[in-house]
$ cat coords.txt   # compact mmCIF, C-alpha atoms
# COMPACT_ATOMS: atom_id res chain seq x y z
CA MET A 666 0.00 0.00 0.00
CA LYS A 667 1.31 3.43 -0.86
CA PHE A 668 0.30 6.83 0.50
CA TRP A 669 0.66 10.20 -1.09
CA THR A 670 -0.27 13.63 0.25
CA SER A 671 0.11 17.16 -1.03
CA GLU A 672 -1.07 20.69 -0.33
CA TYR A 673 -1.61 23.55 -2.71
CA THR A 674 -2.83 27.13 -2.35
CA PHE A 675 -5.08 28.81 -4.91
CA ASN A 676 -4.89 32.62 -5.05
CA HIS A 677 -8.66 32.83 -5.19
CA PRO A 678 -11.42 32.80 -2.59
CA TRP A 679 -13.18 29.55 -1.70
CA ASP A 680 -16.49 30.44 -3.38
CA LYS A 681 -14.79 30.93 -6.71
CA VAL A 682 -12.67 27.77 -6.40
CA VAL A 683 -15.64 25.49 -5.64
CA GLN A 684 -17.59 26.88 -8.57
CA ALA A 685 -14.58 26.13 -10.75
CA ALA A 686 -14.42 22.61 -9.31
CA TRP A 687 -17.84 21.83 -10.81
CA ARG A 688 -16.71 23.28 -14.13
CA LYS A 689 -13.25 21.71 -14.13
CA TYR A 690 -13.89 19.53 -17.16
CA PRO A 691 -13.33 19.71 -20.04
CA ASN A 692 -9.93 21.36 -19.88
CA PRO A 693 -6.80 21.08 -22.00
CA MET A 694 -4.69 19.60 -19.18
CA ASN A 695 -6.90 16.55 -18.73
CA PRO A 696 -7.88 15.48 -22.24
CA ALA A 697 -8.33 11.88 -21.18
CA VAL A 698 -11.59 12.54 -19.29
CA ALA A 699 -14.31 11.35 -21.61
CA SER A 700 -17.52 11.74 -19.62
CA ILE A 701 -18.91 12.86 -16.28
CA ASP A 702 -22.42 12.11 -15.08
CA VAL A 703 -24.35 12.96 -11.95
CA LEU A 704 -26.16 9.91 -10.61
CA ASP A 705 -27.51 11.51 -7.47
CA ARG A 706 -27.53 14.91 -5.84
CA THR A 707 -29.31 16.13 -2.71
CA VAL A 708 -29.11 18.85 -0.10
CA ASP A 709 -29.46 17.60 3.47
CA GLU A 710 -31.19 19.34 6.37
CA LYS A 711 -27.95 21.07 7.37
CA GLY A 712 -27.64 22.55 3.91
CA VAL A 713 -24.78 20.30 2.78
CA LEU A 714 -24.80 19.33 -0.90
CA HIS A 715 -24.15 15.62 -1.49
CA THR A 716 -23.29 14.46 -4.99
CA HIS A 717 -22.50 11.12 -6.54
CA ARG A 718 -20.87 11.18 -9.95
CA ILE A 719 -19.40 8.65 -12.32
CA LEU A 720 -16.43 9.65 -14.46
CA SER A 721 -14.82 7.91 -17.39
CA SER A 722 -11.41 8.25 -19.00
CA LYS A 723 -10.39 7.15 -22.45
CA TRP A 724 -6.70 6.59 -21.89
CA GLY A 725 -3.96 7.34 -19.40
CA ILE A 726 -3.41 3.75 -18.40
CA PRO A 727 0.30 3.07 -18.78
CA SER A 728 0.91 0.28 -21.28
CA TRP A 729 2.76 -1.82 -18.72
CA VAL A 730 -0.42 -1.80 -16.60
CA GLN A 731 -2.46 -2.82 -19.62
CA ASN A 732 -0.03 -5.68 -20.27
CA ILE A 733 -0.74 -7.05 -16.82
CA MET A 734 -4.37 -6.06 -16.33
CA GLY A 735 -5.81 -6.02 -19.81
CA SER A 736 -6.75 -3.07 -22.00
CA PRO A 737 -10.14 -1.63 -21.32
CA SER A 738 -11.14 1.12 -23.73
CA ILE A 739 -12.79 3.09 -20.95
CA MET A 740 -11.93 3.39 -17.27
CA TYR A 741 -14.68 4.32 -14.84
CA SER A 742 -14.45 5.80 -11.41
CA ASN A 743 -16.87 6.83 -8.71
CA GLU A 744 -16.80 10.19 -7.00
CA LYS A 745 -18.71 11.30 -3.93
CA SER A 746 -18.57 14.85 -2.66
CA GLU A 747 -19.95 17.16 -0.01
CA VAL A 748 -20.09 20.93 -0.18
CA ASP A 749 -20.78 22.71 3.11
CA PRO A 750 -21.34 26.39 2.39
CA ASN A 751 -21.57 27.30 6.09
CA ASN A 752 -18.24 25.81 7.09
CA LYS A 753 -16.80 26.46 3.63
CA THR A 754 -15.49 23.01 2.93
CA MET A 755 -15.71 20.92 -0.20
CA VAL A 756 -14.68 17.29 0.16
CA LEU A 757 -14.30 14.93 -2.79
CA LYS A 758 -13.58 11.21 -2.59
CA SER A 759 -13.01 9.06 -5.62
CA ARG A 760 -12.18 5.46 -6.35
CA ASN A 761 -11.69 3.55 -9.59
CA ILE A 762 -14.38 1.10 -10.63
CA THR A 763 -12.42 -0.50 -13.45
CA PHE A 764 -9.87 -3.03 -12.16
CA CYS A 765 -11.36 -2.66 -8.70
CA SER A 766 -10.85 -6.35 -7.89
CA ASN A 767 -7.10 -5.88 -7.92
CA ILE A 768 -6.37 -2.17 -7.82
CA ALA A 769 -7.80 0.48 -5.53
CA VAL A 770 -6.81 4.07 -6.07
CA ASP A 771 -8.58 6.16 -3.46
CA GLU A 772 -8.28 9.92 -3.63
CA HIS A 773 -9.42 12.45 -1.08
CA LEU A 774 -9.50 16.20 -1.70
CA VAL A 775 -10.53 18.99 0.65
CA TYR A 776 -10.92 22.62 -0.42
CA SER A 777 -11.20 25.17 2.38
CA PRO A 778 -10.34 28.83 2.94
CA HIS A 779 -6.65 29.24 3.67
CA PRO A 780 -6.16 29.53 7.44
CA SER A 781 -3.86 32.56 7.07
CA ASP A 782 -5.62 34.32 4.20
CA PRO A 783 -9.38 34.02 3.57
CA ALA A 784 -8.90 35.42 0.06
CA LYS A 785 -7.04 32.21 -0.77
CA THR A 786 -8.04 28.57 -0.80
CA LEU A 787 -6.13 25.62 0.57
CA LEU A 788 -6.33 22.24 -1.17
CA LYS A 789 -5.27 19.20 0.84
CA GLN A 790 -5.03 16.11 -1.27
CA GLU A 791 -4.20 12.52 -0.43
CA ALA A 792 -4.25 9.20 -2.16
CA VAL A 793 -3.96 5.57 -1.13
CA VAL A 794 -2.92 3.04 -3.73
CA LEU A 795 -3.34 -0.66 -3.20
CA VAL A 796 -2.59 -3.42 -5.68
CA LYS A 797 -3.28 -7.01 -4.80
CA GLY A 798 -3.31 -10.36 -6.47
CA VAL A 799 -1.32 -9.47 -9.58
CA PRO A 800 2.38 -9.65 -10.39
CA LEU A 801 4.67 -6.73 -9.54
CA SER A 802 2.06 -5.27 -7.22
CA SER A 803 4.47 -3.15 -5.21
CA TYR A 804 6.06 -1.80 -8.36
CA MET A 805 2.64 -0.99 -9.78
CA GLU A 806 1.74 0.83 -6.58
CA SER A 807 4.84 3.03 -6.85
CA LEU A 808 4.22 3.91 -10.46
CA LEU A 809 0.52 4.57 -9.92
CA THR A 810 1.49 6.91 -7.06
CA THR A 811 3.84 8.80 -9.40
CA THR A 812 1.02 9.07 -11.93
CA ILE A 813 -1.29 10.48 -9.24
CA SER A 814 1.29 13.11 -8.35
CA SER A 815 1.72 14.22 -11.95
CA ASN A 816 -2.05 14.25 -12.49
CA ALA A 817 -2.45 16.36 -9.37
CA ASN A 818 -0.20 19.04 -10.88
CA LYS A 819 -2.24 19.00 -14.07
CA GLY A 820 -5.41 19.17 -12.01
CA ARG A 821 -4.27 22.35 -10.27
CA GLN A 822 -3.25 23.97 -13.55
CA ALA A 823 -6.66 22.96 -14.87
CA MET A 824 -8.42 24.61 -11.93
CA ASN A 825 -6.47 27.84 -12.45
CA TRP A 826 -7.30 27.70 -16.12
CA VAL A 827 -11.02 27.24 -15.41
CA ILE A 828 -11.00 30.07 -12.85
CA SER A 829 -9.47 32.45 -15.39
CA LYS A 830 -12.07 31.39 -17.96
CA ILE A 831 -14.86 32.13 -15.51
CA ASP A 832 -13.31 35.57 -14.88
CA GLU A 833 -13.15 36.20 -18.64
CA GLU A 834 -16.79 35.21 -19.01
CA LEU A 835 -17.81 37.66 -16.33
CA LYS A 836 -15.85 40.42 -18.04
CA ASP A 837 -17.33 39.54 -21.43
CA LEU A 838 -20.80 39.55 -19.95
CA SER A 839 -20.51 43.12 -18.70
CA ASN A 840 -18.87 44.20 -21.96
CA THR A 841 -21.64 42.57 -23.96
CA ALA A 842 -24.26 44.33 -21.90
CA SER A 843 -22.76 47.75 -22.58
CA LYS A 844 -21.95 46.81 -26.19
CA SER A 845 -25.55 45.78 -26.72
CA THR A 846 -26.76 49.11 -25.37
CA ASP A 847 -24.37 50.98 -27.64
CA GLU A 848 -25.44 48.93 -30.63
CA PHE A 849 -29.08 49.48 -29.83
CA ILE A 850 -28.60 53.23 -29.63
CA HIS A 851 -26.59 53.26 -32.86
CA HIS A 852 -29.16 51.12 -34.63
CA THR A 853 -32.05 53.25 -33.43
CA LYS A 854 -30.29 56.42 -34.55
CA LYS A 855 -29.57 54.93 -37.95
CA SER A 856 -33.21 53.92 -38.32
CA LEU A 857 -34.32 57.41 -37.39
CA ASP A 858 -31.88 58.89 -39.90
CA ASP A 859 -33.15 56.53 -42.58
CA ILE A 860 -36.72 57.44 -41.79
CA THR A 861 -35.90 61.13 -41.93
CA VAL A 862 -34.11 60.83 -45.27
CA SER A 863 -36.88 58.69 -46.63
CA ALA A 864 -39.56 61.09 -45.38
CA LYS A 865 -37.72 64.01 -46.83
CA LYS A 866 -37.38 62.24 -50.16
CA SER A 867 -41.06 61.44 -50.15
CA MET A 868 -41.86 65.05 -49.48
CA ASP A 869 -39.59 66.18 -52.30
CA ASP A 870 -41.24 63.66 -54.60
CA LEU A 871 -44.62 64.85 -53.47
CA SER A 872 -43.87 68.46 -54.12
CA SER A 873 -42.36 67.77 -57.55
CA VAL A 874 -45.37 65.60 -58.45
CA ALA A 875 -47.62 68.35 -57.20
CA LYS A 876 -45.68 70.90 -59.19
CA LYS A 877 -45.82 68.72 -62.30
CA SER A 878 -49.54 68.25 -61.91
CA LEU A 879 -49.95 71.95 -61.54
CA ASP A 880 -47.86 72.57 -64.66
CA ASP A 881 -50.03 70.13 -66.57
CA LEU A 882 -53.11 72.05 -65.58
CA LEU A 883 -51.83 75.28 -67.06
CA PRO A 884 -52.06 75.93 -70.77
CA SER A 885 -48.73 77.78 -71.05
CA SER A 886 -45.25 76.46 -70.38
CA SER A 887 -44.35 79.52 -68.33
CA SER A 888 -44.05 78.97 -64.63
CA PRO A 889 -47.39 79.36 -63.07
CA GLY A 890 -48.15 82.27 -60.90
CA PRO A 891 -51.18 82.40 -58.75
CA GLN A 892 -52.92 84.65 -61.30
CA ALA A 893 -52.54 81.93 -64.01
CA LEU A 894 -54.54 79.34 -62.08
CA PRO A 895 -57.82 78.50 -63.69
CA LYS A 896 -60.78 79.78 -61.80
CA PHE A 897 -63.17 77.17 -60.63
CA MET B 571 -9.30 23.55 -35.83
CA ALA B 572 -10.69 27.02 -35.53
CA GLU B 573 -8.17 29.70 -34.80
CA SER B 574 -8.37 30.76 -31.22
CA LYS B 575 -8.78 34.39 -30.38
CA GLY B 576 -8.57 33.85 -26.65
CA GLU B 577 -5.77 34.93 -24.43
CA SER B 578 -4.93 31.33 -23.67
CA GLY B 579 -3.94 30.95 -27.32
CA LYS B 580 -3.21 27.39 -28.32
CA LEU B 581 -4.75 25.93 -25.19
CA MET B 582 -8.22 26.82 -26.36
CA ASP B 583 -7.92 25.39 -29.86
CA HIS B 584 -8.88 21.80 -29.35
CA ASN B 585 -11.07 22.23 -26.33
CA PRO B 586 -14.76 21.41 -26.47
CA LYS B 587 -16.87 23.70 -24.34
CA VAL B 588 -18.84 21.16 -22.37
CA MET B 589 -18.33 17.68 -21.02
CA ASP B 590 -20.27 14.76 -22.49
CA SER B 591 -22.36 12.13 -20.83
CA LEU B 592 -21.26 8.50 -20.92
CA ASP B 593 -24.02 8.04 -23.50
CA LYS B 594 -24.54 10.60 -26.27
CA LYS B 595 -28.28 10.33 -26.06
CA CYS B 596 -28.16 11.88 -22.58
CA ASN B 597 -26.01 14.82 -23.71
CA ASP B 598 -28.79 17.37 -24.22
CA LEU B 599 -30.29 16.59 -20.82
CA LYS B 600 -26.86 16.70 -19.24
CA HIS B 601 -25.93 20.07 -20.72
CA ALA B 602 -29.26 21.59 -19.74
CA TYR B 603 -28.94 20.20 -16.23
CA ASP B 604 -25.33 21.35 -15.81
CA SER B 605 -26.27 24.93 -16.83
CA CYS B 606 -29.12 24.94 -14.39
CA PHE B 607 -26.98 23.51 -11.60
CA ASN B 608 -24.06 25.92 -12.15
CA SER B 609 -26.40 28.92 -11.95
CA TRP B 610 -28.23 27.60 -8.89
CA PHE B 611 -24.96 26.69 -7.17
CA SER B 612 -23.41 30.18 -7.52
CA GLU B 613 -26.51 32.32 -7.21
CA LYS B 614 -28.49 30.42 -4.57
CA PHE B 615 -26.64 27.63 -2.81
CA LEU B 616 -23.40 29.49 -2.03
CA LYS B 617 -25.44 32.49 -0.84
CA GLY B 618 -27.31 30.36 1.66
CA ASN B 619 -30.58 29.95 -0.24
CA TYR B 620 -30.62 26.18 -0.25
CA LYS B 621 -34.00 25.79 1.39
CA GLU B 622 -35.91 27.07 -1.61
CA ALA B 623 -37.01 24.38 -4.01
CA ILE B 624 -34.18 23.64 -6.38
CA PRO B 625 -35.28 24.50 -9.91
CA CYS B 626 -33.04 21.82 -11.40
CA GLU B 627 -34.66 18.84 -9.65
CA SER B 628 -36.98 17.77 -12.44
CA ILE B 629 -34.37 17.95 -15.13
CA LEU B 630 -31.92 16.13 -12.86
CA LYS B 631 -34.41 13.29 -12.57
CA MET B 632 -34.78 13.00 -16.35
CA TYR B 633 -31.05 13.27 -16.89
CA SER B 634 -30.01 10.76 -14.22
CA ASP B 635 -32.71 8.32 -15.35
CA CYS B 636 -31.27 8.53 -18.84
CA VAL B 637 -27.79 7.79 -17.51
CA LYS B 638 -28.96 4.87 -15.36
CA GLU B 639 -30.72 3.34 -18.37
CA ALA B 640 -27.58 3.73 -20.45
CA MET B 641 -25.51 2.11 -17.70
CA LYS B 642 -27.86 -0.87 -17.48
CA ALA B 643 -27.63 -1.28 -21.23
CA ARG B 644 -23.86 -1.58 -20.79
CA ASN B 645 -24.17 -4.07 -17.94
CA MET B 646 -23.11 -1.48 -15.39
CA ASP B 647 -25.40 -1.73 -12.39
CA PRO B 648 -26.06 1.80 -11.09
CA VAL B 649 -27.22 0.47 -7.72
CA LEU B 650 -24.04 -1.52 -7.32
CA TYR B 651 -21.96 1.47 -8.25
CA ALA B 652 -23.66 3.55 -5.59
CA LYS B 653 -22.63 0.97 -3.01
CA HIS B 654 -19.18 0.71 -4.49
CA TRP B 655 -17.42 2.16 -1.46
CA GLU B 656 -18.78 -0.33 0.98
CA GLU B 657 -18.76 -3.39 -1.22
CA SER B 658 -15.47 -3.05 -3.02
CA PRO B 659 -13.56 -6.31 -2.67
CA MET B 660 -10.53 -4.18 -1.88
CA ARG B 661 -12.07 -2.60 1.17
CA LYS B 662 -11.01 -5.33 3.51
CA PHE B 663 -7.39 -4.47 2.72
CA THR B 664 -7.67 -0.76 3.50
CA ASP B 665 -7.29 1.01 6.83
CA ASN B 666 -10.27 3.33 6.32
CA GLY B 667 -12.63 2.20 9.07
CA GLY B 668 -14.90 -0.67 8.02
CA LYS B 669 -14.49 -4.13 9.38
CA ASN B 670 -13.39 -7.11 7.37
CA GLY B 671 -15.84 -8.90 5.21
CA THR B 672 -17.62 -7.66 2.20
CA THR B 673 -21.22 -8.49 1.51
$ encode --input "coords.txt" --output "structure tokens"
Amino acid sequence: MKFWTSEYTFNHPWDKVVQAAWRKYPNPMNPAVASIDVLDRTVDEKGVLHTHRILSSKWGIPSWVQNIMGSPSIMYSNEKSEVDPNNKTMVLKSRNITFCSNIAVDEHLVYSPHPSDPAKTLLKQEAVVLVKGVPLSSYMESLLTTTISSNANKGRQAMNWVISKIDEELKDLSNTASKSTDEFIHHTKKSLDDITVSAKKSMDDLSSVAKKSLDDLLPSSSSPGPQALPKF
Amino acid sequence: MAESKGESGKLMDHNPKVMDSLDKKCNDLKHAYDSCFNSWFSEKFLKGNYKEAIPCESILKMYSDCVKEAMKARNMDPVLYAKHWEESPMRKFTDNGGKNGTT
């Protein structure tokens, strides 16, 4: 059995980090994750959100593991989590489903406000790797632990990437709102201008038609004066 | 791949915007549910308004039913998976509480 633990600090407040946690995938650092589904989600009487999800990955199984264990095309894992907004903790626990008769990779993550700086978030992460009943089990445990460590680094980069995307979205949203207003004003003005030009043109047309009609009424080609109008 | 205009440059090129379900036929329900959940989570839940009826419940039911059906079709028992933690054959080898013996 192998143990691994690590801590990391995000330079963002807890509320923002936990929102990002739900939006972590897809991201460019973890392209192997193929699907995530919520099987169950409830809020208990204390206001804690409980979620059960199932995740799948398309690859990421080292070939030496496949040689020993077989080559599934998809690896599934279970994840259970609790978000307590009052105590500001988010706890995630996951375990692989695929290969679970011989391999157990248990991960445990806790996100909480950093004890020295509430504007930051502390992530405490640990994993337990157990391989039984297959050859080279201890060796497999060591290499799986190394894989977990490298995936953890990618996971943190992914979280930072998602957080910056969320920030960009919020910026875009306020820009779009003001852009829309500007566009609306511009469009309205243009329409008014068009209407004015069009109205003016119509009036010009009307007066030249009127003038033409008037000319037609008069016997002479000279410009009509009021005295030349026929008397009705 | 479409040229990215984002600040992240190359990183954004190949990236789909949303995660898929394990079965494509549940994708629409999943995406609709995820949008609903993300809004509710930031605007209500984190602000302490968890006692109000959650607007996403009905779509969650449809979505998770779709997923459970898809799992059964692939011989993945959703009930078994929910009990995975307690019934894993590996549990008897771990130190995390739980006595020996799996059911």
$ closest_residue --input "coords.txt" --among "B:Met646, B:Ala602, B:Ser612, B:Lys653" --to "chain A" --atoms "only C-alpha atoms"
B:Ser612
$ atom_distance --input "coords.txt" --atom1 "atom CA of A:Ala769" --atom2 "atom CA of A:Pro693"
26.4 Å
$ interface_residues --input "coords.txt" --of "chain B" --to "chain A" --cutoff "6 Å" --atoms "all atoms listed in the file" --output "PyMOL selection string"
chain B and resi 589-592+616+634+659
$ closest_residue --input "coords.txt" --among "B:Lys595, B:Asp635, B:Lys642, B:Ile624" --to "B:Asn608" --atoms "all atoms listed in the file"
B:Ile624
$ atom_distance --input "coords.txt" --atom1 "atom CA of B:Lys594" --atom2 "atom CA of A:Lys819"
26.8 Å
$ atom_distance --input "coords.txt" --atom1 "atom CA of A:Ile726" --atom2 "atom CA of A:Ser807"
14.2 Å
$ residues_around --input "coords.txt" --residues "A:His779" --least-positions-apart "4" --cutoff "12 Å" --atoms "all atoms listed in the file" --output "VMD selection string"
chain A and resid 672 to 679 682 753 to 754 775 783 to 789
$ residues_around --input "coords.txt" --residues "B:His601" --least-positions-apart "2" --cutoff "10 Å" --atoms "only C-alpha atoms" --output "compact mmCIF listing (two decimals) with C-alpha atoms, keeping the file's coordinate frame"
# COMPACT_ATOMS: atom_id res chain seq x y z
CA VAL B 588 -18.84 21.16 -22.37
CA MET B 589 -18.33 17.68 -21.02
CA ASP B 590 -20.27 14.76 -22.49
CA SER B 591 -22.36 12.13 -20.83
CA CYS B 596 -28.16 11.88 -22.58
CA ASN B 597 -26.01 14.82 -23.71
CA ASP B 598 -28.79 17.37 -24.22
CA LEU B 599 -30.29 16.59 -20.82
CA TYR B 603 -28.94 20.20 -16.23
CA ASP B 604 -25.33 21.35 -15.81
CA SER B 605 -26.27 24.93 -16.83
CA CYS B 606 -29.12 24.94 -14.39
CA PHE B 607 -26.98 23.51 -11.60
CA TYR B 633 -31.05 13.27 -16.89
$ decode --input "coords.txt" --residues "stretch 590-625 of chain B" --atoms "N, CA and C atoms" --output "PDB file, in the first residue's frame"
ATOM      1  N   ASP B 590     -19.211  15.670 -22.031  1.00  0.00           N
ATOM      2  CA  ASP B 590     -20.266  14.765 -22.491  1.00  0.00           C
ATOM      3  C   ASP B 590     -20.708  13.795 -21.410  1.00  0.00           C
ATOM      4  N   SER B 591     -21.849  13.198 -21.686  1.00  0.00           N
ATOM      5  CA  SER B 591     -22.357  12.130 -20.832  1.00  0.00           C
ATOM      6  C   SER B 591     -21.729  10.821 -21.305  1.00  0.00           C
ATOM      7  N   LEU B 592     -21.822   9.775 -20.483  1.00  0.00           N
ATOM      8  CA  LEU B 592     -21.265   8.495 -20.918  1.00  0.00           C
ATOM      9  C   LEU B 592     -22.025   7.943 -22.112  1.00  0.00           C
ATOM     10  N   ASP B 593     -23.253   8.427 -22.317  1.00  0.00           N
ATOM     11  CA  ASP B 593     -24.017   8.044 -23.505  1.00  0.00           C
ATOM     12  C   ASP B 593     -24.499   9.308 -24.212  1.00  0.00           C
ATOM     13  N   LYS B 594     -24.183   9.399 -25.508  1.00  0.00           N
ATOM     14  CA  LYS B 594     -24.538  10.603 -26.272  1.00  0.00           C
ATOM     15  C   LYS B 594     -26.002  10.987 -26.159  1.00  0.00           C
ATOM     16  N   LYS B 595     -26.865   9.976 -26.052  1.00  0.00           N
ATOM     17  CA  LYS B 595     -28.283  10.327 -26.055  1.00  0.00           C
ATOM     18  C   LYS B 595     -28.703  11.111 -24.809  1.00  0.00           C
ATOM     19  N   CYS B 596     -27.852  11.105 -23.787  1.00  0.00           N
ATOM     20  CA  CYS B 596     -28.162  11.882 -22.583  1.00  0.00           C
ATOM     21  C   CYS B 596     -27.513  13.270 -22.607  1.00  0.00           C
ATOM     22  N   ASN B 597     -26.760  13.572 -23.665  1.00  0.00           N
ATOM     23  CA  ASN B 597     -26.013  14.824 -23.714  1.00  0.00           C
ATOM     24  C   ASN B 597     -26.873  16.075 -23.548  1.00  0.00           C
ATOM     25  N   ASP B 598     -27.963  16.164 -24.300  1.00  0.00           N
ATOM     26  CA  ASP B 598     -28.794  17.367 -24.223  1.00  0.00           C
ATOM     27  C   ASP B 598     -29.315  17.580 -22.803  1.00  0.00           C
ATOM     28  N   LEU B 599     -29.789  16.487 -22.205  1.00  0.00           N
ATOM     29  CA  LEU B 599     -30.291  16.592 -20.824  1.00  0.00           C
ATOM     30  C   LEU B 599     -29.162  16.992 -19.887  1.00  0.00           C
ATOM     31  N   LYS B 600     -28.004  16.385 -20.100  1.00  0.00           N
ATOM     32  CA  LYS B 600     -26.856  16.699 -19.244  1.00  0.00           C
ATOM     33  C   LYS B 600     -26.479  18.174 -19.343  1.00  0.00           C
ATOM     34  N   HIS B 601     -26.356  18.690 -20.543  1.00  0.00           N
ATOM     35  CA  HIS B 601     -25.933  20.070 -20.716  1.00  0.00           C
ATOM     36  C   HIS B 601     -26.937  21.032 -20.120  1.00  0.00           C
ATOM     37  N   ALA B 602     -28.215  20.735 -20.324  1.00  0.00           N
ATOM     38  CA  ALA B 602     -29.256  21.589 -19.744  1.00  0.00           C
ATOM     39  C   ALA B 602     -29.190  21.533 -18.223  1.00  0.00           C
ATOM     40  N   TYR B 603     -29.017  20.333 -17.678  1.00  0.00           N
ATOM     41  CA  TYR B 603     -28.941  20.199 -16.226  1.00  0.00           C
ATOM     42  C   TYR B 603     -27.715  20.930 -15.670  1.00  0.00           C
ATOM     43  N   ASP B 604     -26.554  20.723 -16.307  1.00  0.00           N
ATOM     44  CA  ASP B 604     -25.327  21.348 -15.815  1.00  0.00           C
ATOM     45  C   ASP B 604     -25.456  22.870 -15.779  1.00  0.00           C
ATOM     46  N   SER B 605     -26.062  23.464 -16.818  1.00  0.00           N
ATOM     47  CA  SER B 605     -26.265  24.934 -16.830  1.00  0.00           C
ATOM     48  C   SER B 605     -27.116  25.355 -15.653  1.00  0.00           C
ATOM     49  N   CYS B 606     -28.205  24.614 -15.481  1.00  0.00           N
ATOM     50  CA  CYS B 606     -29.124  24.935 -14.388  1.00  0.00           C
ATOM     51  C   CYS B 606     -28.400  24.827 -13.053  1.00  0.00           C
ATOM     52  N   PHE B 607     -27.683  23.729 -12.866  1.00  0.00           N
ATOM     53  CA  PHE B 607     -26.984  23.510 -11.603  1.00  0.00           C
ATOM     54  C   PHE B 607     -25.940  24.601 -11.340  1.00  0.00           C
ATOM     55  N   ASN B 608     -25.123  24.923 -12.355  1.00  0.00           N
ATOM     56  CA  ASN B 608     -24.063  25.920 -12.154  1.00  0.00           C
ATOM     57  C   ASN B 608     -24.639  27.268 -11.725  1.00  0.00           C
ATOM     58  N   SER B 609     -25.757  27.660 -12.337  1.00  0.00           N
ATOM     59  CA  SER B 609     -26.404  28.923 -11.946  1.00  0.00           C
ATOM     60  C   SER B 609     -26.931  28.841 -10.523  1.00  0.00           C
ATOM     61  N   TRP B 610     -27.656  27.761 -10.232  1.00  0.00           N
ATOM     62  CA  TRP B 610     -28.228  27.598  -8.890  1.00  0.00           C
ATOM     63  C   TRP B 610     -27.124  27.560  -7.834  1.00  0.00           C
ATOM     64  N   PHE B 611     -26.055  26.847  -8.126  1.00  0.00           N
ATOM     65  CA  PHE B 611     -24.963  26.688  -7.168  1.00  0.00           C
ATOM     66  C   PHE B 611     -24.348  28.040  -6.810  1.00  0.00           C
ATOM     67  N   SER B 612     -24.047  28.878  -7.830  1.00  0.00           N
ATOM     68  CA  SER B 612     -23.408  30.179  -7.518  1.00  0.00           C
ATOM     69  C   SER B 612     -24.393  31.196  -6.982  1.00  0.00           C
ATOM     70  N   GLU B 613     -25.599  31.231  -7.576  1.00  0.00           N
ATOM     71  CA  GLU B 613     -26.509  32.315  -7.209  1.00  0.00           C
ATOM     72  C   GLU B 613     -27.369  32.033  -5.990  1.00  0.00           C
ATOM     73  N   LYS B 614     -27.617  30.756  -5.700  1.00  0.00           N
ATOM     74  CA  LYS B 614     -28.487  30.419  -4.566  1.00  0.00           C
ATOM     75  C   LYS B 614     -27.729  29.680  -3.475  1.00  0.00           C
ATOM     76  N   PHE B 615     -27.221  28.509  -3.819  1.00  0.00           N
ATOM     77  CA  PHE B 615     -26.638  27.630  -2.810  1.00  0.00           C
ATOM     78  C   PHE B 615     -25.517  28.298  -2.020  1.00  0.00           C
ATOM     79  N   LEU B 616     -24.535  28.884  -2.720  1.00  0.00           N
ATOM     80  CA  LEU B 616     -23.400  29.494  -2.028  1.00  0.00           C
ATOM     81  C   LEU B 616     -23.818  30.725  -1.237  1.00  0.00           C
ATOM     82  N   LYS B 617     -24.966  31.302  -1.576  1.00  0.00           N
ATOM     83  CA  LYS B 617     -25.440  32.487  -0.845  1.00  0.00           C
ATOM     84  C   LYS B 617     -26.391  32.104   0.275  1.00  0.00           C
ATOM     85  N   GLY B 618     -26.522  30.810   0.524  1.00  0.00           N
ATOM     86  CA  GLY B 618     -27.308  30.356   1.662  1.00  0.00           C
ATOM     87  C   GLY B 618     -28.756  30.055   1.365  1.00  0.00           C
ATOM     88  N   ASN B 619     -29.164  30.194   0.074  1.00  0.00           N
ATOM     89  CA  ASN B 619     -30.582  29.948  -0.243  1.00  0.00           C
ATOM     90  C   ASN B 619     -30.818  28.514  -0.676  1.00  0.00           C
ATOM     91  N   TYR B 620     -30.457  27.563   0.173  1.00  0.00           N
ATOM     92  CA  TYR B 620     -30.615  26.179  -0.251  1.00  0.00           C
ATOM     93  C   TYR B 620     -31.967  25.611   0.133  1.00  0.00           C
ATOM     94  N   LYS B 621     -32.724  26.341   0.939  1.00  0.00           N
ATOM     95  CA  LYS B 621     -34.000  25.789   1.393  1.00  0.00           C
ATOM     96  C   LYS B 621     -35.102  25.959   0.364  1.00  0.00           C
ATOM     97  N   GLU B 622     -34.917  26.921  -0.541  1.00  0.00           N
ATOM     98  CA  GLU B 622     -35.911  27.069  -1.612  1.00  0.00           C
ATOM     99  C   GLU B 622     -35.858  25.829  -2.484  1.00  0.00           C
ATOM    100  N   ALA B 623     -36.979  25.532  -3.105  1.00  0.00           N
ATOM    101  CA  ALA B 623     -37.015  24.380  -4.011  1.00  0.00           C
ATOM    102  C   ALA B 623     -35.977  24.573  -5.106  1.00  0.00           C
ATOM    103  N   ILE B 624     -35.229  23.535  -5.368  1.00  0.00           N
ATOM    104  CA  ILE B 624     -34.176  23.638  -6.376  1.00  0.00           C
ATOM    105  C   ILE B 624     -34.808  23.512  -7.756  1.00  0.00           C
ATOM    106  N   PRO B 625     -34.621  24.528  -8.601  1.00  0.00           N
ATOM    107  CA  PRO B 625     -35.281  24.500  -9.911  1.00  0.00           C
ATOM    108  C   PRO B 625     -34.793  23.379 -10.817  1.00  0.00           C
TER     109      PRO B 625
END
